[in-house]
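Down below is the structure, laid out as structure tokens.
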Amino acid sequence: MLQFETLNELTLKVTCTGNDVMFAKAGAFIAGDNAGAKNYKFEKMLLGPQNNVGQALLGHVMRRVTGENLPLMKVNLYGDSVTYYANYGQHVVVYHLGMGETVSVESENILAFSQDCDYSVRFIGVGVLSQKGLATSTLTARGPNAYVAVLSDGNPIVLSNIYSRNTISVDPDAVICWVGNGPCDPRVTADVSWKTFIGQASGESYQFEWNGGQAVTVIIQPSERQGGIRLSMD
């Protein structure tokens, strides 16, 4: 059994009891601690973390086509241990998914996840306006030990309308992930007018938006990726 937790904001600490398997960003391991000889091993993932070769090959092709590249390694844990993972000093956020709960996340923001998560690549139909194309990576809990660790450039901000039922609007280039029962895909709202095409764009021409009828938790980072459409004429 695994337990994910954040250590000093910048490190993922994984405590393993017994034998287990997890998946992590390739090269993210920084340290480990266990009694006796080292009882964990890293294995390169040639295709993907899906349960069979056919699904893994299809996922590999979809990631190549959509740009959702995911360089992963499989971590085999053979007994009690504590291992640590990080990525260039980025902040780490850990989420424990409830049964059937889904996190939709940019592939570059995935640090690690447990084997109780089903991984897939899913088309969301609005990617032409976002940095990563037409798809997003999704992780869905299929067991009680479904943990996901994601990366953030700076201390993340968490917005949720589960209780308030408020409308949430965010910049797609700042989104790390969103969590809900099911995909809970946002709609895109665009603020484009004649001013946009004469160089008077606000710089915030489009947003991802979830209305009050979509119970969702959104995690964003205090920085923007270099991407999206820049609609203007100089």
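Here's how to read the names in the structure tokens: chain A, B, ... by the order shown, residue numbers from 1 in each chain, ligand numbers from 1 in the order shown.
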- Task: Excluding A:Asn161 and any residue of its chain fewer than 2 positions from it, enumerate the residues within 8 Å of it, using only C-alpha atoms, and give them as a PyMOL selection string.
- Result: chain A and resi 159+163-168+212+214-217
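Separating atom CA of A:Pro71 from atom CA of A:Ala37 is a distance of 27.7 Å.
Relative to atom CA of A:Thr138, atom CA of A:Phe23 is found at 14.1 Å.
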- Note on the structure: Between A:Ser107, A:Gln90, A:Ser114, A:Thr102, smallest distance to A:Leu77 by only C-alpha atoms belongs to A:Ser114
